[in-house]
Amino acid sequence: MTEIIRLAGVRKAYESAGPPALDDVDLTVRAGEAVAVMGPSGSGKSTLLNVIAGLDRPTAGEIEVAGVRVDKLSETGLAKFRRAHIGIIFQFFHLLDEMTVRDNILLPGRLAGVRTAAANKRADELLDRLGIRGKADAYPARLSGGQRQRVAIARALMNSPELLLADEPTGAVDQAAAQGVRDLLAELNDGGLTLLLVTHDPALAADAGHRLITMRDGRATEAVNA
């Protein structure tokens, strides 16, 4: 299988006197895999996701995503690359409250310059697939946590990314909604989408992860299969 993520000797230090958030991390993820990342708070999990997404810059090392050295791209180049290749699910949704569900989902397509007809067709597909068609004209504040997470997932899928990064995707929803998110992510992976999931949720790691990476003190260790 083709590698979609490759990290070699990645280090991230925020303060020269403090311990690094990432300390000499090597990691590969193959296309079609689902990899769960677990570890205590402050172990470097979210930083790992952020440097892969290009939301943060490594202090040292190489980061390659979909064959591109993202650590070498300009800020403009990173934004363009993310829109084309990466979907991101944030723990607290990051939906725009002044926009409807449909407009939140459409936003990445508009930023990427997708034609209106094609963007609307894709949004309709996602609204149906995620079971939120009836909420298309609602605003995020009127939705349950599980519904907001489904909108966030739909938005992340708008541009048909090769890679989906999820930071605690079940962390801000109740138990019933969390199971729905687990099932959905497993279904997306079964359909061929590559997943990298940062989570404290062992059920998510078991349901949607082929491999388990454990983070501690900025270091990544491959664990027994999730």
# chains A, B, ... in the order shown; residues from 1 in each chain; ligands from 1

$ select_by_dssp --residues "stretch 52-222 of chain A" --states "helix (DSSP H, G or I)" --output "PyMOL selection string"
chain A and resi 52-53+70-72+75-85+101-111+116-129+133-135+140-142+145-157+175-190+202-208

$ residues_around --residues "A:Val151" --least-positions-apart "3" --cutoff "9 Å" --atoms "only C-alpha atoms" --output "list in words"
Phe93, Leu95, Val101, Arg102, Asn104, Ile105, Leu126, Leu127, Leu130, Ile132, Pro140, Gly146, Gln147, Arg148, Ala154, Arg155 and Ala156 of chain A

$ closest_residue --among "A:Gly54, A:Pro19, A:Gly145, A:Gly134" --to "A:Asp174" --atoms "only C-alpha atoms"
A:Gly145

$ residues_around --residues "A:Lys12" --least-positions-apart "3" --cutoff "12 Å" --atoms "only C-alpha atoms" --output "number ranges by chain"
A: 9, 15-16, 18-25, 44-52, 56-63, 71, 217-219

$ atom_distance --atom1 "atom CA of A:Gly42" --atom2 "atom CA of A:Gly180"
27.2 Å

$ atom_distance --atom1 "atom CA of A:Glu75" --atom2 "atom CA of A:Leu196"
22.5 Å

$ residues_around --residues "A:Val181" --least-positions-apart "2" --cutoff "8 Å" --atoms "only C-alpha atoms" --output "list in words"
Gly146, Gln149, Arg150, Pro169, Thr170, Ala177, Ala178, Gln179, Asp183, Leu184 and Leu185 of chain A

$ select_by_dssp --residues "stretch 165-222 of chain A" --states "strand (DSSP E)" --output "MDAnalysis selection string"
chainID A and resid 165:167 194:198 211:216 219:222

$ closest_residue --among "A:Ala138, A:Ala223, A:Ile4, A:Ile86" --to "A:Glu33" --atoms "only C-alpha atoms"
A:Ile4

$ atom_distance --atom1 "atom CA of A:Thr28" --atom2 "atom CA of A:Ile88"
18.4 Å

$ residues_around --residues "A:Glu168" --least-positions-apart "3" --cutoff "12 Å" --atoms "only C-alpha atoms" --output "ChimeraX atom specification"
/A:36-39,41,45-46,49,88-93,149,165,171-173,178,181-182,196-202,204-205
